[in-house]
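This is target20.txt. It holds compact mmCIF, C-alpha atoms.
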# COMPACT_ATOMS: atom_id res chain seq x y z
CA MET A 9 27.61 156.73 -36.72
CA PRO A 10 26.95 159.58 -34.31
CA GLY A 11 26.76 158.58 -30.70
CA GLN A 12 23.47 160.25 -30.00
CA ILE A 13 20.43 160.16 -32.23
CA SER A 14 17.74 162.73 -31.70
CA THR A 15 14.07 161.90 -31.62
CA PRO A 16 11.50 163.58 -33.85
CA ALA A 17 9.99 165.33 -30.87
CA MET A 18 13.21 167.31 -30.37
CA ALA A 19 12.49 169.55 -33.35
CA GLU A 20 9.77 171.35 -31.43
CA SER A 21 10.50 170.57 -27.80
CA ALA A 22 13.25 172.99 -26.76
CA THR A 23 10.90 175.81 -25.83
CA PRO A 24 9.44 177.09 -22.56
CA ALA A 25 6.10 175.53 -21.69
CA GLY A 26 3.20 177.34 -23.32
CA ASP A 27 5.22 179.08 -26.03
CA ALA A 28 4.80 178.32 -29.71
CA PRO A 29 7.44 175.78 -30.72
CA VAL A 30 10.60 177.19 -32.23
CA ILE A 31 11.88 175.34 -35.26
CA THR A 32 15.65 175.36 -35.47
CA PRO A 33 17.76 174.08 -38.37
CA GLU A 34 19.72 171.94 -35.92
CA ALA A 35 16.59 170.25 -34.65
CA VAL A 36 15.31 169.59 -38.17
CA LEU A 37 18.72 168.22 -39.15
CA ALA A 38 18.59 165.80 -36.21
CA GLN A 39 15.09 164.81 -37.25
CA LEU A 40 16.27 164.24 -40.82
CA GLU A 41 19.02 161.96 -39.55
CA GLN A 42 16.48 159.94 -37.61
CA ILE A 43 14.27 159.62 -40.69
CA LEU A 44 17.24 158.51 -42.80
CA LEU A 45 17.99 155.77 -40.30
CA GLU A 46 14.39 154.62 -40.44
CA VAL A 47 14.29 154.63 -44.24
CA VAL A 48 17.68 153.10 -45.01
CA GLY A 49 18.35 151.18 -41.81
CA ASP A 50 21.74 149.82 -40.79
CA ASP A 51 22.97 150.03 -44.35
CA LEU A 52 23.17 153.83 -44.15
CA LEU A 53 26.67 155.06 -45.09
CA MET A 54 27.72 157.57 -42.46
CA ASP A 55 31.20 158.20 -41.14
CA GLY A 56 30.04 160.87 -38.74
CA PRO A 57 27.01 162.94 -37.86
CA LEU A 58 24.80 164.26 -40.63
CA VAL A 59 25.82 167.83 -41.47
CA MET A 60 24.24 170.49 -43.65
CA GLU A 61 26.75 169.84 -46.45
CA THR A 62 26.07 166.09 -46.61
CA SER A 63 24.92 165.12 -50.10
CA PHE A 64 22.32 162.37 -50.39
CA SER A 65 23.84 161.04 -53.58
CA ASP A 66 27.61 161.55 -53.35
CA ASP A 67 28.12 161.21 -49.59
CA LEU A 68 25.36 158.87 -48.46
CA GLN A 69 25.17 156.98 -51.77
CA LEU A 70 21.40 156.77 -51.46
CA GLU A 71 19.77 154.78 -54.21
CA SER A 72 17.16 156.67 -56.18
CA ILE A 73 14.36 154.54 -54.76
CA GLU A 74 15.60 155.25 -51.22
CA PHE A 75 15.38 158.95 -51.89
CA VAL A 76 11.74 158.42 -52.89
CA ALA A 77 11.14 156.76 -49.52
CA LEU A 78 12.94 159.62 -47.76
CA ALA A 79 10.77 162.24 -49.47
CA GLU A 80 7.68 160.31 -48.53
CA GLU A 81 8.72 160.00 -44.90
CA LEU A 82 9.41 163.73 -44.76
CA LEU A 83 5.89 164.28 -46.06
CA ASN A 84 4.50 161.95 -43.39
CA THR A 85 6.47 163.75 -40.69
CA TYR A 86 5.63 167.33 -41.60
CA GLY A 87 2.36 166.88 -43.46
CA GLU A 88 0.94 169.50 -45.79
CA LYS A 89 2.71 172.28 -43.91
CA VAL A 90 5.78 171.31 -45.93
CA ASP A 91 4.77 171.06 -49.58
CA PHE A 92 7.42 168.83 -51.09
CA VAL A 93 5.38 168.24 -54.25
CA SER A 94 5.46 171.93 -55.16
CA TRP A 95 9.07 172.29 -54.06
CA MET A 96 10.30 169.39 -56.12
CA SER A 97 8.13 170.24 -59.10
CA GLY A 98 10.23 173.36 -59.62
CA MET A 99 13.51 171.43 -59.72
CA GLU A 100 15.44 170.08 -62.62
CA LEU A 101 16.65 166.50 -62.44
CA ASP A 102 20.22 167.53 -61.59
CA GLN A 103 19.04 169.59 -58.65
CA VAL A 104 17.07 166.71 -57.16
CA VAL A 105 19.94 164.29 -57.57
CA ASN A 106 22.44 166.68 -55.97
CA LEU A 107 20.32 167.76 -53.00
CA THR A 108 22.09 168.23 -49.68
CA ALA A 109 20.79 167.80 -46.15
CA GLY A 110 21.08 171.57 -45.68
CA GLU A 111 18.80 172.31 -48.62
CA VAL A 112 16.10 170.00 -47.30
CA VAL A 113 16.49 171.42 -43.79
CA GLY A 114 16.28 174.97 -45.14
CA PHE A 115 13.08 174.19 -46.99
CA VAL A 116 11.48 172.49 -44.00
CA VAL A 117 12.40 175.34 -41.63
CA SER A 118 11.14 178.07 -43.96
CA SER A 119 7.90 176.17 -44.59
CA LEU A 120 7.27 175.64 -40.89
CA GLU A 121 8.06 179.28 -40.13
CA GLU A 122 5.60 180.43 -42.79
CA GLU A 123 2.99 178.14 -41.30
CA SER A 124 3.47 179.48 -37.79
CA MET B 11 5.26 153.20 -46.82
CA PRO B 12 2.54 153.17 -49.45
CA TYR B 13 2.11 149.50 -50.27
CA ILE B 14 -0.91 148.00 -52.02
CA GLN B 15 -1.81 144.35 -52.44
CA SER B 16 -2.56 143.32 -56.02
CA ASN B 17 -2.61 139.98 -57.82
CA GLY B 18 -1.13 138.30 -54.74
CA LEU B 19 1.83 140.67 -54.35
CA LYS B 20 2.66 143.70 -52.25
CA PHE B 21 3.36 146.65 -54.56
CA HIS B 22 5.22 149.82 -53.69
CA VAL B 23 3.39 152.79 -55.19
CA GLN B 24 3.51 156.55 -54.91
CA VAL B 25 0.44 158.68 -55.54
CA LEU B 26 1.29 162.33 -56.11
CA GLY B 27 -1.55 164.84 -56.19
CA GLY B 28 -4.56 165.80 -54.17
CA GLY B 29 -7.55 164.00 -55.69
CA THR B 30 -9.55 167.18 -56.33
CA ASP B 31 -8.70 170.58 -57.76
CA ASP B 32 -9.38 173.93 -56.08
CA SER B 33 -13.06 173.82 -57.08
CA GLY B 34 -13.48 170.34 -55.64
CA ALA B 35 -13.67 168.61 -59.04
CA LYS B 36 -11.91 165.27 -59.52
CA ARG B 37 -8.57 165.57 -61.24
CA PRO B 38 -7.46 163.49 -64.24
CA LYS B 39 -5.78 160.21 -63.33
CA VAL B 40 -2.36 159.33 -64.69
CA VAL B 41 -0.57 155.99 -64.28
CA MET B 42 3.18 155.76 -64.87
CA LEU B 43 5.17 152.55 -65.47
CA HIS B 44 8.95 152.26 -65.70
CA GLY B 45 11.38 150.05 -67.63
CA LEU B 46 12.93 146.67 -66.84
CA VAL B 47 15.53 145.52 -64.29
CA ILE B 48 17.62 148.61 -63.51
CA ASP B 49 14.63 150.94 -63.51
CA ASN B 50 11.95 151.69 -60.91
CA LEU B 51 9.37 154.36 -60.18
CA SER B 52 12.04 156.86 -59.16
CA SER B 53 12.74 157.66 -62.83
CA TRP B 54 9.22 159.16 -62.95
CA PHE B 55 9.43 160.55 -59.41
CA TYR B 56 12.55 162.57 -60.31
CA THR B 57 11.29 163.84 -63.67
CA LEU B 58 7.59 164.18 -64.44
CA GLY B 59 5.81 162.97 -61.29
CA HIS B 60 5.91 166.13 -59.21
CA PRO B 61 5.45 168.68 -62.00
CA MET B 62 2.44 166.76 -63.30
CA ALA B 63 0.97 166.37 -59.81
CA GLN B 64 0.19 170.08 -59.82
CA GLN B 65 -2.90 169.30 -61.92
CA VAL B 66 -3.40 165.52 -62.07
CA ASP B 67 -3.18 162.58 -59.70
CA ALA B 68 -0.03 160.76 -60.75
CA HIS B 69 0.10 157.07 -59.77
CA LEU B 70 3.65 155.69 -59.85
CA VAL B 71 4.18 151.93 -59.58
CA ASP B 72 7.19 149.72 -58.92
CA LEU B 73 6.60 146.73 -61.22
CA ARG B 74 6.81 143.24 -59.69
CA GLY B 75 10.40 142.42 -58.81
CA HIS B 76 11.47 146.08 -59.09
CA GLY B 77 12.17 148.93 -56.69
CA ARG B 78 10.47 148.26 -53.37
CA THR B 79 7.82 145.92 -54.70
CA GLU B 80 8.06 142.26 -53.75
CA ILE B 81 10.11 139.97 -55.96
CA ALA B 82 7.74 137.25 -57.17
CA GLU B 83 9.27 133.98 -58.32
CA ASP B 84 7.24 134.05 -61.52
CA GLY B 85 4.64 136.02 -63.44
CA TYR B 86 6.84 138.28 -65.58
CA HIS B 87 4.81 138.01 -68.79
CA VAL B 88 3.19 141.18 -70.07
CA VAL B 89 -0.25 139.73 -69.26
CA ASP B 90 0.83 139.34 -65.62
CA HIS B 91 1.86 142.98 -65.41
CA VAL B 92 -1.52 143.93 -66.89
CA GLN B 93 -3.29 141.92 -64.17
CA ASP B 94 -1.10 143.61 -61.55
CA LEU B 95 -2.13 146.98 -62.92
CA LEU B 96 -5.83 146.09 -62.98
CA GLY B 97 -5.62 145.16 -59.31
CA LEU B 98 -3.96 148.46 -58.50
CA LEU B 99 -6.59 150.45 -60.42
CA GLU B 100 -9.25 148.68 -58.41
CA ALA B 101 -7.45 149.34 -55.14
CA TRP B 102 -7.19 153.02 -56.04
CA GLU B 103 -10.91 152.96 -56.90
CA ILE B 104 -10.22 154.44 -60.31
CA ASP B 105 -13.25 153.78 -62.47
CA GLU B 106 -12.50 156.27 -65.21
CA PRO B 107 -10.09 155.91 -68.15
CA VAL B 108 -6.53 156.80 -67.17
CA HIS B 109 -3.82 158.58 -69.10
CA PHE B 110 -1.04 156.03 -69.23
CA PHE B 111 2.62 157.02 -69.29
CA GLY B 112 5.20 154.34 -70.06
CA ASN B 113 8.97 154.26 -70.33
CA SER B 114 10.63 151.47 -72.33
CA PHE B 115 9.23 148.10 -71.19
CA GLY B 116 6.49 149.88 -69.22
CA CYS B 117 4.99 150.93 -72.57
CA VAL B 118 4.17 147.40 -73.64
CA VAL B 119 2.06 146.97 -70.50
CA GLY B 120 0.14 150.12 -71.42
CA LEU B 121 -0.36 148.97 -74.98
CA ALA B 122 -1.65 145.59 -73.80
CA LEU B 123 -3.96 147.24 -71.26
CA ALA B 124 -5.34 149.58 -73.94
CA ARG B 125 -5.99 146.69 -76.29
CA GLU B 126 -7.57 144.31 -73.77
CA TYR B 127 -9.38 146.90 -71.65
CA PRO B 128 -9.96 149.92 -73.92
CA GLU B 129 -12.48 151.35 -71.46
CA LYS B 130 -9.69 151.80 -68.92
CA VAL B 131 -7.30 153.88 -71.03
CA ALA B 132 -7.92 157.44 -72.22
CA SER B 133 -4.55 157.93 -73.90
CA LEU B 134 -1.04 156.51 -74.10
CA PHE B 135 2.15 158.57 -73.78
CA LEU B 136 5.03 156.24 -74.69
CA ILE B 137 8.72 156.99 -74.28
CA GLU B 138 11.08 154.64 -76.13
CA ALA B 139 8.37 152.00 -76.25
CA HIS B 140 9.57 148.44 -76.25
CA PHE B 141 7.11 145.85 -77.48
CA SER B 142 7.46 142.31 -78.62
CA THR B 143 8.20 141.68 -82.26
CA PRO B 144 9.28 138.30 -83.68
CA GLY B 145 12.46 137.33 -81.83
CA TRP B 146 12.14 140.15 -79.26
CA GLY B 147 11.75 137.87 -76.24
CA GLU B 148 14.79 135.84 -77.24
CA LYS B 149 16.86 139.00 -77.69
CA MET B 150 15.81 140.54 -74.37
CA ALA B 151 16.26 137.26 -72.53
CA GLY B 152 19.62 136.70 -74.21
CA THR B 153 20.92 140.09 -73.13
CA LEU B 154 19.69 139.61 -69.59
CA ALA B 155 21.18 136.12 -69.46
CA LEU B 156 24.50 137.53 -70.59
CA ALA B 157 24.46 140.19 -67.88
CA ALA B 158 23.42 137.55 -65.35
CA PHE B 159 26.30 135.36 -66.37
CA GLY B 160 28.62 138.30 -65.80
CA LEU B 161 27.23 138.77 -62.31
CA ASP B 162 28.27 135.26 -61.44
CA GLU B 163 31.89 135.69 -62.51
CA VAL B 164 34.53 135.74 -59.77
CA ALA B 165 36.14 138.92 -61.12
CA VAL B 166 32.84 140.76 -61.14
CA ARG B 167 32.11 139.61 -57.60
CA GLU B 168 35.53 140.80 -56.44
CA TYR B 169 34.99 144.16 -58.13
CA LEU B 170 31.60 144.57 -56.51
CA ALA B 171 33.01 143.65 -53.10
CA THR B 172 36.07 145.88 -53.21
CA GLU B 173 35.69 148.65 -55.79
CA ALA B 174 32.05 149.32 -56.53
CA ASP B 175 30.21 152.04 -54.65
CA ARG B 176 27.19 151.28 -52.51
CA LYS B 177 24.69 152.05 -55.24
CA THR B 178 26.31 149.75 -57.79
CA SER B 179 26.68 146.91 -55.30
CA ARG B 180 23.06 147.09 -54.23
CA LEU B 181 21.89 147.26 -57.83
CA ALA B 182 23.95 144.19 -58.68
CA LYS B 183 22.65 142.30 -55.66
CA ARG B 184 19.03 142.99 -56.47
CA THR B 185 19.54 142.27 -60.15
CA GLU B 186 21.14 138.95 -59.35
CA LYS B 187 18.10 138.02 -57.28
CA LEU B 188 15.81 138.94 -60.16
CA PHE B 189 17.83 137.00 -62.73
CA PHE B 190 18.58 133.85 -60.77
CA GLY B 191 15.58 133.69 -58.47
CA THR B 192 12.70 134.39 -60.84
CA SER B 193 11.27 133.33 -64.18
CA LEU B 194 11.90 136.79 -65.71
CA ILE B 195 14.29 135.61 -68.41
CA GLU B 196 12.22 132.55 -69.31
CA ASP B 197 9.03 134.59 -69.42
CA LEU B 198 10.58 137.14 -71.76
CA LYS B 199 11.76 134.37 -74.04
CA THR B 200 8.24 133.08 -74.48
CA GLU B 201 6.57 136.46 -74.96
CA THR B 202 4.17 136.46 -77.91
CA PRO B 203 4.93 139.00 -80.68
CA ILE B 204 2.39 141.81 -80.91
CA ASP B 205 0.33 141.81 -84.09
CA TRP B 206 -2.61 143.88 -82.91
CA LEU B 207 -1.32 147.47 -82.87
CA ASP B 208 -4.07 148.42 -85.31
CA GLU B 209 -6.60 147.58 -82.57
CA ILE B 210 -5.45 150.38 -80.26
CA LYS B 211 -8.38 152.81 -80.12
CA CYS B 212 -7.08 155.62 -77.94
CA PRO B 213 -4.75 158.47 -79.00
CA VAL B 214 -1.06 157.60 -78.68
CA PHE B 215 2.01 159.81 -78.45
CA ALA B 216 5.29 158.00 -79.09
CA ILE B 217 8.70 159.60 -78.66
CA TYR B 218 12.12 158.10 -79.41
CA GLY B 219 15.73 159.25 -79.52
CA SER B 220 17.42 159.36 -82.90
CA GLN B 221 20.20 157.16 -81.49
CA SER B 222 17.79 154.60 -80.06
CA ASP B 223 18.48 151.02 -81.03
CA ILE B 224 14.76 150.29 -81.18
CA LEU B 225 13.77 152.92 -83.74
CA ASP B 226 12.08 150.20 -85.77
CA ARG B 227 9.36 150.19 -83.07
CA ALA B 228 8.80 153.90 -83.63
CA HIS B 229 7.99 153.40 -87.28
CA GLU B 230 5.84 150.37 -86.59
CA LEU B 231 3.76 152.31 -84.08
CA GLU B 232 3.34 155.22 -86.47
CA GLU B 233 2.38 152.91 -89.29
CA LYS B 234 -0.04 150.64 -87.43
CA VAL B 235 -1.63 152.52 -84.53
CA PRO B 236 -4.59 154.44 -86.00
CA GLU B 237 -4.18 157.59 -83.89
CA CYS B 238 -0.42 157.84 -83.31
CA THR B 239 1.74 160.94 -83.19
CA LEU B 240 5.46 160.20 -83.41
CA GLU B 241 8.40 162.44 -82.51
CA ILE B 242 12.04 161.53 -82.96
CA VAL B 243 14.45 163.63 -80.89
CA ALA B 244 17.82 164.48 -82.40
CA ASN B 245 20.97 163.33 -80.58
CA ALA B 246 19.06 161.37 -77.95
CA SER B 247 19.34 157.72 -76.95
CA HIS B 248 17.11 155.10 -75.35
CA SER B 249 17.61 156.97 -72.04
CA LEU B 250 15.46 159.79 -73.39
CA LEU B 251 13.45 160.36 -70.19
CA ILE B 252 16.55 161.08 -68.13
CA GLU B 253 18.62 162.77 -70.82
CA ASN B 254 15.84 165.07 -72.04
CA ALA B 255 13.62 165.53 -68.99
CA ALA B 256 12.68 169.13 -69.89
CA LEU B 257 11.59 168.16 -73.39
CA ILE B 258 9.58 165.20 -72.13
CA LYS B 259 7.92 167.43 -69.55
CA ALA B 260 6.92 169.94 -72.24
CA ARG B 261 5.47 167.20 -74.45
CA ALA B 262 3.67 165.57 -71.52
CA PHE B 263 2.09 168.86 -70.45
CA ALA B 264 0.97 169.61 -74.00
CA TRP B 265 -0.45 166.07 -74.31
CA LEU B 266 -2.44 166.37 -71.08
CA ASN B 267 -3.67 169.86 -72.00
CA THR B 268 -5.11 168.38 -75.18
CA HIS B 269 -6.42 165.07 -73.86
CA ALA B 270 -7.08 165.61 -70.15
CA GLY B 271 -8.24 169.23 -70.06
CA THR B 272 -5.35 170.52 -67.95
CA ASP B 273 -3.84 173.96 -68.47
CA TYR B 274 -0.16 173.53 -67.75
CA VAL B 275 2.18 176.23 -69.00
CA VAL B 276 4.10 174.48 -71.76
CA GLU B 277 7.70 175.37 -72.51
CA ASP B 278 8.18 175.99 -76.22
CA ILE B 279 10.72 173.40 -77.35
CA PRO B 280 10.66 172.95 -81.13
CA VAL B 281 10.12 169.51 -82.62
CA SER B 282 13.20 168.15 -84.40
CA SER B 283 12.71 167.76 -88.13
CA ARG B 284 12.39 164.09 -88.95
CA GLU B 285 15.21 164.25 -91.50
CA GLY B 286 17.45 166.21 -89.12
CA ALA B 287 16.83 163.86 -86.21
CA LEU B 288 17.48 160.74 -88.20
CA GLY B 289 20.52 162.23 -89.87
CA THR B 290 22.40 162.98 -86.66
CA MET B 291 25.33 160.94 -85.50
CA GLY B 292 25.84 162.01 -81.92
CA ALA B 293 27.37 160.43 -78.87
CA PRO B 294 26.97 156.68 -78.43
CA ASP B 295 24.34 155.33 -76.05
CA ALA B 296 25.01 155.92 -72.39
CA LEU B 297 25.48 152.29 -71.45
CA GLU B 298 23.83 151.25 -68.26
CA VAL B 299 25.71 149.18 -65.70
CA LEU B 300 24.15 145.96 -66.87
CA ASN B 301 24.77 146.68 -70.51
CA GLN B 302 28.43 147.17 -69.68
CA MET B 303 28.51 143.88 -67.85
CA ALA B 304 26.83 142.22 -70.78
CA ALA B 305 29.28 143.67 -73.29
CA GLU B 306 32.30 142.81 -71.17
CA ASN B 307 31.17 139.24 -70.78
CA ARG B 308 30.02 138.65 -74.32
CA HIS B 309 32.79 136.15 -74.96
CA LEU B 310 31.43 133.92 -72.23
CA LEU B 311 28.33 132.92 -74.12
CA ASP B 312 27.59 131.74 -77.60
CA GLU B 313 27.49 134.95 -79.61
CA ASN B 314 25.11 133.50 -82.14
CA ALA B 315 22.49 133.14 -79.46
CA ILE B 316 22.92 136.73 -78.25
CA PRO B 317 22.17 139.07 -81.11
CA THR B 318 21.83 142.29 -79.08
CA ARG B 319 23.13 143.90 -75.93
CA ARG B 320 20.17 146.14 -75.10
CA VAL B 321 18.73 145.51 -71.65
CA VAL B 322 16.01 147.94 -70.76

Give the structure from this file in structure tokens form.
Amino acid sequence: MPGQISTPAMAESATPAGDAPVITPEAVLAQLEQILLEVVGDDLLMDGPLVMETSFSDDLQLESIEFVALAEELLNTYGEKVDFVSWMSGMELDQVVNLTAGEVVGFVVSSLEEES
Amino acid sequence: MPYIQSNGLKFHVQVLGGGTDDSGAKRPKVVMLHGLVIDNLSSWFYTLGHPMAQQVDAHLVDLRGHGRTEIAEDGYHVVDHVQDLLGLLEAWEIDEPVHFFGNSFGCVVGLALAREYPEKVASLFLIEAHFSTPGWGEKMAGTLALAAFGLDEVAVREYLATEADRKTSRLAKRTEKLFFGTSLIEDLKTETPIDWLDEIKCPVFAIYGSQSDILDRAHELEEKVPECTLEIVANASHSLLIENAALIKARAFAWLNTHAGTDYVVEDIPVSSREGALGTMGAPDALEVLNQMAAENRHLLDENAIPTRRVV
């Protein structure tokens, strides 16, 4: 497991006071790692820090029902700004099963940028 | 986590959709139930749930003992699942007829709901519908007992501890709890055969794979349910929802356009000719983990008591 786990607040905190928050892929990735730990708990399979290439199925061996919980937690975290329902509705089954951390991070970042 | 109390249990559910459309009108309500033991609501979540949620409110449920719903010690008869569902409908404050989607065992719950509470069901969309016929409970229970027996074998335990990946190990652990810690197998054994299909009043769409080992149910539905449309898909097995997700999506959209007033864009996927579908001899069934365990451990139980290997 990585030595340092980021907190959700980090995704929007590294900006000068008063400026609009800047959403960085790195911050969202750290946030995603935190959410994974909350959803899966100590049973999460990780040999090192979560990276963009990490696959939810092959690398983390997430069960399908755990991925449901992950998607839901992402929705709770980012709200309607990040429309996972629409995003996932355009995917074929294989795409959902083979999603990587980087793809989720990319979608979150682009959604938040559009919003801001 | 979205958990709802119903019939004395805490159920994990997922509701996809916004409640109202752009004009503020209520959207059609859809309820989706999965199959037995190795299945949970994720099979809908990954396939139809999100695409359908563009125009309806899709209510996905983990049945008792499955997914993230509590494992009850008993109450695994179809009538218990119906009571669970009634409690959930009440909790969701759904007072209009729902469009029910079932996969495998989930279908029998929908059929029973439609028969007992016809005012609650607008239509049934059934994929590889399992329902009890004479001897069905014994067969299902026998197959599950066989798989359970395999789970208790030393060699299987060693494999799970040393070779199996995380997903398989967790599946086996949860399945063991369901088999040995609940009345599931006993309840299936004593399930009453259905002899009331002709009492189903709502429109029904039933779809099966040509390689399905429960094709007899397809013909019984078509013959007995007054308003039943049947499709048999060539070269498909009991795992139709996962193997043919695009086809199922197209049929589901078309069904809801007709019966729920939606206007999904429907992909044009031709219907297999009945003769062509039934004449195909494709790949064998994709055996699920438990089916493999059952087959591998067949010699451990009295074969005469175990006439089939099908689990879900």

Exercise. Quick one: of B:Leu251, B:Leu134, B:Leu123, B:Ile224, who's nearest to chain A, counting only C-alpha atoms?
Worked result: B:Leu251

Exercise. Of the residues B:Lys177, B:Val66, B:Gly152, B:Ile137, which is the one nearest to Ile73 (chain A), using only C-alpha atoms?
Worked result: B:Lys177

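Within 8 Å of chain A, and counting only C-alpha atoms, chain B contributes Met11, Leu26, Gly27, Asn50, Leu51, Ser52, Phe55, Tyr56, Thr57, Gly59, His60, Pro61, Met62, Ala63, Gln64, Gly77, Arg78, Asp175, Arg176, Lys177, Ile252, Ala255 and Ala256 of chain B.
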
For this session: Please identify all polymer residues within 9 Å of Thr192 (chain B), counting only C-alpha atoms, omitting same-chain residues fewer than 6 positions from it, and present them as a list in words.
Result: Gly75, Ile81, Ala82, Glu83, Asp84, Gly85 and Tyr86 of chain B

Exercise. Which polymer residues have any atom within 7 Å of an atom of Phe135 (chain B), counting all atoms listed in the file, with same-chain residues fewer than 5 positions away left out, as a list of chain:residue names?
Worked result: B:Phe110, B:Phe111, B:Gly112, B:Val214, B:Phe215, B:Ala216

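The space separating CA of His140 (chain B) from CA of Ala101 (chain B) comes to 27.1 Å.
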
Problem set entry | Between CA of Phe115 (chain B) and CA of Val243 (chain B) - distance in Å to one decimal | 19.0 Å

For this session: List the residues sitting within 12 Å of (1.8, 152.3, -85.7) in the file's frame, using only C-alpha atoms, as an NGL selection string.
Result: :B and (121 or 139 or 141 or 204-211 or 213-216 or 226-240)

Grab the residues selected above and save them as a PDB file, in the frame of the given file with C-alpha atoms.
ATOM      1  CA  LEU B 121      -0.360 148.970 -74.980  1.00  0.00           C
ATOM      2  CA  ALA B 139       8.370 152.000 -76.250  1.00  0.00           C
ATOM      3  CA  PHE B 141       7.110 145.850 -77.480  1.00  0.00           C
ATOM      4  CA  ILE B 204       2.390 141.810 -80.910  1.00  0.00           C
ATOM      5  CA  ASP B 205       0.330 141.810 -84.090  1.00  0.00           C
ATOM      6  CA  TRP B 206      -2.610 143.880 -82.910  1.00  0.00           C
ATOM      7  CA  LEU B 207      -1.320 147.470 -82.870  1.00  0.00           C
ATOM      8  CA  ASP B 208      -4.070 148.420 -85.310  1.00  0.00           C
ATOM      9  CA  GLU B 209      -6.600 147.580 -82.570  1.00  0.00           C
ATOM     10  CA  ILE B 210      -5.450 150.380 -80.260  1.00  0.00           C
ATOM     11  CA  LYS B 211      -8.380 152.810 -80.120  1.00  0.00           C
ATOM     12  CA  PRO B 213      -4.750 158.470 -79.000  1.00  0.00           C
ATOM     13  CA  VAL B 214      -1.060 157.600 -78.680  1.00  0.00           C
ATOM     14  CA  PHE B 215       2.010 159.810 -78.450  1.00  0.00           C
ATOM     15  CA  ALA B 216       5.290 158.000 -79.090  1.00  0.00           C
ATOM     16  CA  ASP B 226      12.080 150.200 -85.770  1.00  0.00           C
ATOM     17  CA  ARG B 227       9.360 150.190 -83.070  1.00  0.00           C
ATOM     18  CA  ALA B 228       8.800 153.900 -83.630  1.00  0.00           C
ATOM     19  CA  HIS B 229       7.990 153.400 -87.280  1.00  0.00           C
ATOM     20  CA  GLU B 230       5.840 150.370 -86.590  1.00  0.00           C
ATOM     21  CA  LEU B 231       3.760 152.310 -84.080  1.00  0.00           C
ATOM     22  CA  GLU B 232       3.340 155.220 -86.470  1.00  0.00           C
ATOM     23  CA  GLU B 233       2.380 152.910 -89.290  1.00  0.00           C
ATOM     24  CA  LYS B 234      -0.040 150.640 -87.430  1.00  0.00           C
ATOM     25  CA  VAL B 235      -1.630 152.520 -84.530  1.00  0.00           C
ATOM     26  CA  PRO B 236      -4.590 154.440 -86.000  1.00  0.00           C
ATOM     27  CA  GLU B 237      -4.180 157.590 -83.890  1.00  0.00           C
ATOM     28  CA  CYS B 238      -0.420 157.840 -83.310  1.00  0.00           C
ATOM     29  CA  THR B 239       1.740 160.940 -83.190  1.00  0.00           C
ATOM     30  CA  LEU B 240       5.460 160.200 -83.410  1.00  0.00           C
TER      31      LEU B 240
END

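With CA of Val71 (chain B) on one side and CA of Thr62 (chain A) on the other, the separation reads 29.1 Å.
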
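Considering all atoms listed in the file, the residue among B:Arg180, B:His69, B:Lys39, B:Lys259 positioned nearest to Ser133 (chain B) is B:Lys39.
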
For this session: Find the residues near Met60 (chain A): any atom within 8 Å, counting all atoms listed in the file, skip ones fewer than 6 places away on the same chain, and give them as an MDAnalysis selection string.
Result: chainID A and resid 37 108:111 113

Exercise. B:Val118, B:Met150, B:Ala264, B:Ile279: which is nearest Leu198 (chain B), counting only C-alpha atoms?
Worked result: B:Met150
